[in-house]
Each structure stands twice: as structure tokens, then as C-alpha cells.
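Structure file run-v2.pdb with PDB, C-alpha atoms:
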```pdb
ATOM      1  CA  ARG A  22       4.244   1.098 -45.365
ATOM      2  CA  ALA A  23       2.307   3.862 -47.120
ATOM      3  CA  ASN A  24      -0.671   3.272 -44.814
ATOM      4  CA  ASN A  25       1.553   3.169 -41.754
ATOM      5  CA  PRO A  26       4.057   6.019 -41.942
ATOM      6  CA  ILE A  27       7.018   5.958 -39.600
ATOM      7  CA  GLU A  28       6.759   8.725 -37.009
ATOM      8  CA  GLY A  29       9.653  11.148 -36.804
ATOM      9  CA  ARG A  30       8.352  13.152 -33.850
ATOM     10  CA  VAL A  31       9.589  12.505 -30.312
ATOM     11  CA  CYS A  32       7.149  11.796 -27.505
ATOM     12  CA  PRO A  33       7.633  14.209 -24.589
ATOM     13  CA  ASP A  34       8.048  13.279 -20.940
ATOM     14  CA  GLN A  35       4.915  14.405 -19.112
ATOM     15  CA  TYR A  36       3.634  15.147 -15.648
ATOM     16  CA  VAL A  37       0.072  13.742 -15.580
ATOM     17  CA  GLY A  38      -1.203  14.733 -12.130
ATOM     18  CA  TYR A  39      -1.546  13.311  -8.625
ATOM     19  CA  ILE A  40      -2.103   9.564  -8.481
ATOM     20  CA  SER A  41      -4.912  10.122  -5.946
ATOM     21  CA  ASP A  42      -6.793  12.092  -8.634
ATOM     22  CA  PHE A  43      -6.771   9.273 -11.196
ATOM     23  CA  SER A  44     -10.231   8.028 -12.062
ATOM     24  CA  GLN A  45     -10.678   4.427 -13.185
ATOM     25  CA  ASN A  46     -13.137   5.498 -15.882
ATOM     26  CA  SER A  47     -11.447   8.677 -17.075
ATOM     27  CA  LYS A  48     -10.526   9.004 -20.749
ATOM     28  CA  ASP A  49      -7.225  10.678 -19.855
ATOM     29  CA  PHE A  50      -5.034  11.780 -16.976
ATOM     30  CA  PRO A  51      -6.106  14.833 -14.898
ATOM     31  CA  VAL A  52      -3.383  16.994 -16.485
ATOM     32  CA  ARG A  53      -0.808  16.619 -19.217
ATOM     33  CA  GLU A  54       2.054  19.068 -19.078
ATOM     34  CA  LYS A  55       5.772  19.056 -19.673
ATOM     35  CA  ALA A  56       7.431  16.998 -16.963
ATOM     36  CA  ASP A  57       9.791  19.816 -16.030
ATOM     37  CA  LYS A  58       6.784  22.101 -15.319
ATOM     38  CA  ARG A  59       5.669  20.233 -12.206
ATOM     39  CA  ARG A  60       5.759  22.266  -9.011
ATOM     40  CA  ASN A  61       9.012  21.857  -7.092
ATOM     41  CA  ASN A  62       7.331  20.588  -3.942
ATOM     42  CA  VAL A  63       5.516  17.693  -5.666
ATOM     43  CA  LYS A  64       7.157  14.327  -5.067
ATOM     44  CA  CYS A  65       6.678  12.047  -8.054
ATOM     45  CA  LEU A  66       6.800   8.484  -9.206
ATOM     46  CA  ILE A  67       8.768   8.627 -12.441
ATOM     47  CA  MET A  68       7.348   5.755 -14.486
ATOM     48  CA  LEU A  69       9.786   4.491 -17.092
ATOM     49  CA  LEU A  70       8.339   2.912 -20.221
ATOM     50  CA  GLU A  71      10.381   1.754 -23.217
ATOM     51  CA  SER A  72       9.200   3.751 -26.257
ATOM     52  CA  PRO A  73       5.974   5.221 -27.632
ATOM     53  CA  HIS A  74       3.744   3.126 -29.878
ATOM     54  CA  LYS A  75       1.009   4.101 -32.384
ATOM     55  CA  GLU A  76      -1.563   5.507 -29.934
ATOM     56  CA  GLU A  77       0.858   8.092 -28.562
ATOM     57  CA  PHE A  78       1.105   9.781 -31.963
ATOM     58  CA  LYS A  79      -2.632  10.241 -32.597
ATOM     59  CA  LYS A  80      -3.703  13.880 -32.450
ATOM     60  CA  VAL A  81      -1.735  15.487 -29.576
ATOM     61  CA  LEU A  82       1.581  13.720 -29.000
ATOM     62  CA  ALA A  83       1.717  12.254 -25.454
ATOM     63  CA  PRO A  84       2.875   9.085 -23.619
ATOM     64  CA  ALA A  85       0.501   6.294 -22.495
ATOM     65  CA  LYS A  86      -2.588   7.478 -24.346
ATOM     66  CA  GLY A  87      -4.177   4.177 -25.342
ATOM     67  CA  SER A  88      -4.858   1.062 -23.329
ATOM     68  CA  THR A  89      -1.612   1.487 -21.364
ATOM     69  CA  GLY A  90      -2.806   4.834 -19.992
ATOM     70  CA  ARG A  91      -6.243   3.426 -19.218
ATOM     71  CA  LEU A  92      -4.679   0.516 -17.294
ATOM     72  CA  ILE A  93      -2.350   2.871 -15.380
ATOM     73  CA  ARG A  94      -5.285   5.026 -14.255
ATOM     74  CA  LYS A  95      -7.403   2.015 -13.384
ATOM     75  CA  HIS A  96      -4.836  -0.085 -11.508
ATOM     76  CA  ILE A  97      -1.828   1.940 -10.298
ATOM     77  CA  LYS A  98      -3.240   2.151  -6.767
ATOM     78  CA  ASP A  99      -3.580  -1.680  -6.716
ATOM     79  CA  VAL A 100      -0.084  -2.510  -7.959
ATOM     80  CA  ASN A 101       2.099  -4.216  -5.370
ATOM     81  CA  GLY A 102       3.722  -1.531  -3.196
ATOM     82  CA  LEU A 103       2.353   1.491  -5.058
ATOM     83  CA  SER A 104      -0.541   2.264  -2.700
ATOM     84  CA  ASN A 105       2.070   4.045  -0.555
ATOM     85  CA  TYR A 106       2.454   6.708  -3.264
ATOM     86  CA  THR A 107      -1.098   7.907  -3.928
ATOM     87  CA  ASP A 108      -0.159  11.393  -2.703
ATOM     88  CA  TYR A 109       2.648  11.550  -5.306
ATOM     89  CA  GLY A 110       2.444  12.959  -8.784
ATOM     90  CA  LEU A 111       3.174  10.763 -11.790
ATOM     91  CA  ILE A 112       5.668  11.490 -14.537
ATOM     92  CA  LEU A 113       5.516   9.316 -17.644
ATOM     93  CA  MET A 114       8.887   8.928 -19.329
ATOM     94  CA  ASN A 115       9.807   6.762 -22.304
ATOM     95  CA  ALA A 116      13.416   5.585 -22.177
ATOM     96  CA  ILE A 117      13.528   6.286 -25.918
ATOM     97  CA  GLN A 118      11.241   9.041 -27.142
ATOM     98  CA  ASN A 119      11.127   7.779 -30.746
ATOM     99  CA  GLN A 120       8.696   5.174 -32.064
ATOM    100  CA  CYS A 121      10.857   2.032 -32.021
ATOM    101  CA  SER A 122       7.960  -0.147 -33.241
ATOM    102  CA  LEU A 123       7.928   1.797 -36.532
ATOM    103  CA  GLY A 124       4.124   1.810 -36.277
ATOM    104  CA  LEU A 125       3.852  -1.976 -36.640
ATOM    105  CA  SER A 126       3.293  -4.738 -34.112
ATOM    106  CA  THR A 127       5.801  -4.447 -31.280
ATOM    107  CA  MET A 128       6.889  -7.998 -32.117
ATOM    108  CA  CYS A 129       8.271  -6.935 -35.526
ATOM    109  CA  TYR A 130      11.039  -4.351 -35.084
ATOM    110  CA  ARG A 131      10.708  -2.651 -31.706
ATOM    111  CA  ASP A 132      13.457  -4.508 -29.845
ATOM    112  CA  GLU A 133      16.045  -4.312 -32.642
ATOM    113  CA  VAL A 134      15.359  -0.610 -33.208
ATOM    114  CA  PHE A 135      15.389   0.077 -29.454
ATOM    115  CA  VAL A 136      18.781  -1.602 -28.949
ATOM    116  CA  SER A 137      20.225   0.157 -32.012
ATOM    117  CA  PHE A 138      19.019   3.596 -30.809
ATOM    118  CA  TRP A 139      20.170   2.798 -27.253
ATOM    119  CA  ASN A 140      23.693   2.063 -28.427
ATOM    120  CA  LYS A 141      23.819   5.136 -30.676
ATOM    121  CA  GLY A 142      23.086   7.857 -28.126
ATOM    122  CA  ALA A 143      19.597   7.174 -26.759
ATOM    123  CA  LYS A 144      21.055   5.763 -23.544
ATOM    124  CA  ASP A 145      22.918   9.021 -22.858
ATOM    125  CA  ASP A 146      19.820  11.039 -23.748
ATOM    126  CA  PHE A 147      17.758   8.955 -21.302
ATOM    127  CA  ILE A 148      20.272   9.426 -18.485
ATOM    128  CA  ASN A 149      20.401  13.203 -19.050
ATOM    129  CA  ARG A 150      16.602  13.540 -19.147
ATOM    130  CA  LEU A 151      16.221  11.436 -15.991
ATOM    131  CA  LYS A 152      18.858  13.484 -14.150
ATOM    132  CA  SER A 153      17.111  16.717 -15.140
ATOM    133  CA  LEU A 154      13.666  15.493 -13.986
ATOM    134  CA  TYR A 155      14.617  13.708 -10.778
ATOM    135  CA  LYS A 156      14.215  15.595  -7.498
ATOM    136  CA  PRO A 157      15.090  14.280  -4.009
ATOM    137  CA  GLY A 158      12.157  12.259  -2.685
ATOM    138  CA  ASP A 159      11.077  11.031  -6.123
ATOM    139  CA  VAL A 160      10.810   7.294  -6.735
ATOM    140  CA  ILE A 161      11.821   5.706 -10.032
ATOM    141  CA  LEU A 162       9.379   3.057 -11.266
ATOM    142  CA  ASN A 163      10.892   0.931 -14.035
ATOM    143  CA  CYS A 164       7.936  -0.492 -15.966
ATOM    144  CA  CYS A 165       9.720  -1.055 -19.260
ATOM    145  CA  THR A 166       8.734  -4.142 -21.136
ATOM    146  CA  LYS A 167      10.966  -7.185 -21.098
ATOM    147  CA  GLY A 168      10.904  -7.424 -24.878
ATOM    148  CA  LYS A 169      12.109 -10.451 -26.780
ATOM    149  CA  SER A 170      15.742  -9.520 -27.311
ATOM    150  CA  LYS A 171      18.539 -11.451 -25.588
ATOM    151  CA  LYS A 172      19.388  -8.363 -23.534
ATOM    152  CA  GLN A 173      16.021  -7.434 -22.018
ATOM    153  CA  LEU A 174      14.946  -3.848 -22.715
ATOM    154  CA  ARG A 175      14.007  -3.233 -19.087
ATOM    155  CA  LYS A 176      17.424  -4.445 -17.933
ATOM    156  CA  LEU A 177      19.190  -2.084 -20.347
ATOM    157  CA  VAL A 178      17.201   0.762 -18.819
ATOM    158  CA  GLN A 179      17.708  -0.476 -15.238
ATOM    159  CA  GLU A 180      21.484  -0.654 -15.665
ATOM    160  CA  SER A 181      21.490   2.954 -16.887
ATOM    161  CA  ILE A 182      19.674   4.513 -13.922
ATOM    162  CA  PRO A 183      22.280   6.512 -11.979
ATOM    163  CA  GLU A 184      22.945   5.101  -8.508
ATOM    164  CA  ASN A 185      22.216   8.383  -6.727
ATOM    165  CA  MET A 186      18.554   8.370  -7.800
ATOM    166  CA  GLY A 187      17.254   6.966  -4.525
ATOM    167  CA  GLN A 188      14.579   4.283  -4.521
ATOM    168  CA  VAL A 189      13.990   2.333  -7.744
ATOM    169  CA  LEU A 190      11.032  -0.032  -8.029
ATOM    170  CA  LYS A 191      10.655  -2.675 -10.752
ATOM    171  CA  ARG A 192       7.145  -3.586 -11.911
ATOM    172  CA  THR A 193       5.680  -5.195 -15.007
ATOM    173  CA  HIS A 194       4.618  -3.067 -17.971
ATOM    174  CA  PRO A 195       1.209  -1.451 -17.331
ATOM    175  CA  SER A 196      -0.227  -3.116 -20.461
ATOM    176  CA  SER A 197      -0.277  -6.335 -18.380
ATOM    177  CA  TRP A 198      -1.966  -4.813 -15.315
ATOM    178  CA  TYR A 199      -5.382  -6.133 -16.368
ATOM    179  CA  ASN A 200      -4.232  -9.325 -14.608
ATOM    180  CA  GLN A 201      -3.846  -9.311 -10.805
ATOM    181  CA  VAL A 202      -0.843 -11.659 -11.090
ATOM    182  CA  HIS A 203       1.022  -9.005 -13.084
ATOM    183  CA  ARG A 204      -0.032  -6.204 -10.725
ATOM    184  CA  ASN A 205       1.513  -8.222  -7.892
ATOM    185  CA  SER A 206       4.740  -8.960  -9.759
ATOM    186  CA  GLU A 207       8.141  -7.392  -9.383
ATOM    187  CA  TRP A 208      10.477  -8.418 -12.184
ATOM    188  CA  LYS A 209      13.950  -9.717 -11.385
TER     189      LYS A 209
END
```

Please lay out the structure from this file as C-alpha cells.
Amino acid sequence: RANNPIEGRVCPDQYVGYISDFSQNSKDFPVREKADKRRNNVKCLIMLLESPHKEEFKKVLAPAKGSTGRLIRKHIKDVNGLSNYTDYGLILMNAIQNQCSLGLSTMCYRDEVFVSFWNKGAKDDFINRLKSLYKPGDVILNCCTKGKSKKQLRKLVQESIPENMGQVLKRTHPSSWYNQVHRNSEWK
């Protein structure tokens, strides 16, 4: 573990710009600012991911910095049903802001750590952050991974979204959007 220290920092929720401004070849999103700093009149897709992994902790702490961010920028306009929201902003929000993978392969510890955190206060933290970010007209986009635990991570998150949040869409995790089949999929 000495070569792979466990991250103690929390990954912030971020507003990353208008979806229409995303460039397929860009190295990052058009802007990266605190999610609560978006202008009040900007409707947003609030994309829910499960927890930050190694790439998010390199240099400046931010969600979806590695291949996940690249695939979001490249394919979000092609994902089933999302072409209707190109004039929306995008907020990236991890359900748990801590690194549940402990810096290792997501297959090792992520799901167990996620469920443990979730049951020990992370669920309440998620609900409070979502309530503070959500504005009427926003659309929630649950893109959490399924995971390998008996109780799917994305279902834990889905069941915790308050009912008064308006429209909630369910799509596969952006890390799978390289494949058209996954871009067309809505999980059940």
C-alpha cells in the first residue's frame, strides 16, 4: 500500500459547463467550478456517479477527470434520450465523495466500502447535497455503476433520491459509453 496511499480528501460536486459546449476531443470540461456556483437560471442534468477513483485525485481534485470524463464529453449527446438536454448545464456528483476503491482496482474493495459508508451516514450526506443542488427544471441522471454487490450500488442511490426531485433518468455508467449498446441502454 505504500505506493498506493489511500486518499482522505473528498471529491467536490462540480458544475462543468453547458453540454452543447462539450468538445469530443477536449482534454477537460469547459469549466470546473463548485456546483452551487452555477447561475440560478441554468437548468442542469445532475449526473450521479458512485465514488471517485484514482484519476480524480491527481493534481486538482475533481470528478470524472480520466477516461470517464473523456467518454462523457465525447458521447453524452448520443446517449439515449439525452440529446434533448444539450442546452442544459451538467453537474457531476458522486454519491459518496470519498475514494471507495481505496486506490486499487474497483473490483477489490469499492463495493464493500461504498455500502459501509452508505450505511454509516453517506446516504444522508448524499440526500442533503442533492437537495441543496437541485433546482426546479433540473433532471437527475443516475449513472452509478451496478457494482458487484448483492444490493446494486446504483439501486441504493436510486432508492435515496427524494420523490420531489422531478424527472430521474437511469443510464449506464459513462465508462461503458464507448459501446453504442451501452449508450442506448437504460438500466432497470

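Between CA of Arg30 (chain A) and CA of Asn119 (chain A) there is a distance of 6.8 Å.
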
Radius query 12 Å about (-6.7, -0.3, -21.1), atoms used: all atoms listed in the file, as a short mmCIF file (atom, residue, chain, number, x, y, z; two decimals) with C-alpha atoms, in the frame of the given file:
```
data_model
loop_
_atom_site.label_atom_id
_atom_site.label_comp_id
_atom_site.auth_asym_id
_atom_site.auth_seq_id
_atom_site.Cartn_x
_atom_site.Cartn_y
_atom_site.Cartn_z
CA GLN A 45 -10.68 4.43 -13.18
CA ASN A 46 -13.14 5.50 -15.88
CA SER A 47 -11.45 8.68 -17.08
CA LYS A 48 -10.53 9.00 -20.75
CA ASP A 49 -7.22 10.68 -19.86
CA GLU A 76 -1.56 5.51 -29.93
CA ALA A 85 0.50 6.29 -22.50
CA LYS A 86 -2.59 7.48 -24.35
CA GLY A 87 -4.18 4.18 -25.34
CA SER A 88 -4.86 1.06 -23.33
CA THR A 89 -1.61 1.49 -21.36
CA GLY A 90 -2.81 4.83 -19.99
CA ARG A 91 -6.24 3.43 -19.22
CA LEU A 92 -4.68 0.52 -17.29
CA ILE A 93 -2.35 2.87 -15.38
CA ARG A 94 -5.28 5.03 -14.26
CA LYS A 95 -7.40 2.02 -13.38
CA HIS A 96 -4.84 -0.08 -11.51
CA PRO A 195 1.21 -1.45 -17.33
CA SER A 196 -0.23 -3.12 -20.46
CA SER A 197 -0.28 -6.34 -18.38
CA TRP A 198 -1.97 -4.81 -15.32
CA TYR A 199 -5.38 -6.13 -16.37
CA ASN A 200 -4.23 -9.32 -14.61
#
```

- Report as a count of residues only the full result of the PyMOL selection byres ((chain A and resi 172-187) around 12) when it is applied to this structure. 60

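Here the question is which of A:Asn105, A:Ser41, A:Gln118, A:Ser126 gets nearest to Glu28 (chain A) using only C-alpha atoms, and that residue is A:Gln118.
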
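Shortest separation to Gly102 (chain A) among A:Thr127, A:Ser206, A:Gln35, A:Gln120 occurs at residue A:Ser206, atoms counted being all atoms listed in the file.
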
- Note on the structure: Here CA of Asp57 (chain A) and CA of Asp34 (chain A) stand apart by 8.4 Å

- Note on the structure: note - CA of Ser104 (chain A) and CA of His203 (chain A) are separated by 15.4 Å

- Task: Tell me which of A:Ala83, A:Val63, A:Lys58, A:Phe78 sits closest to Pro33 (chain A), counting all atoms listed in the file.
- Result: A:Ala83

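Residue nearest Val52 (chain A) within the list A:Tyr39, A:Ile97, A:Leu103, A:Pro84: A:Tyr39 [criterion: smallest interatomic distance, all atoms listed in the file].
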
- Closest to Ser44 (chain A) among A:Ile27, A:Met128, A:Lys98, A:Glu77, using all atoms listed in the file? A:Lys98

- Query: From the set A:Ile112, A:Val100, A:Val31, A:Cys129, which residue has the shortest atom-to-atom contact distance to Asn205 (chain A), counting only C-alpha atoms?
  - Reply: A:Val100
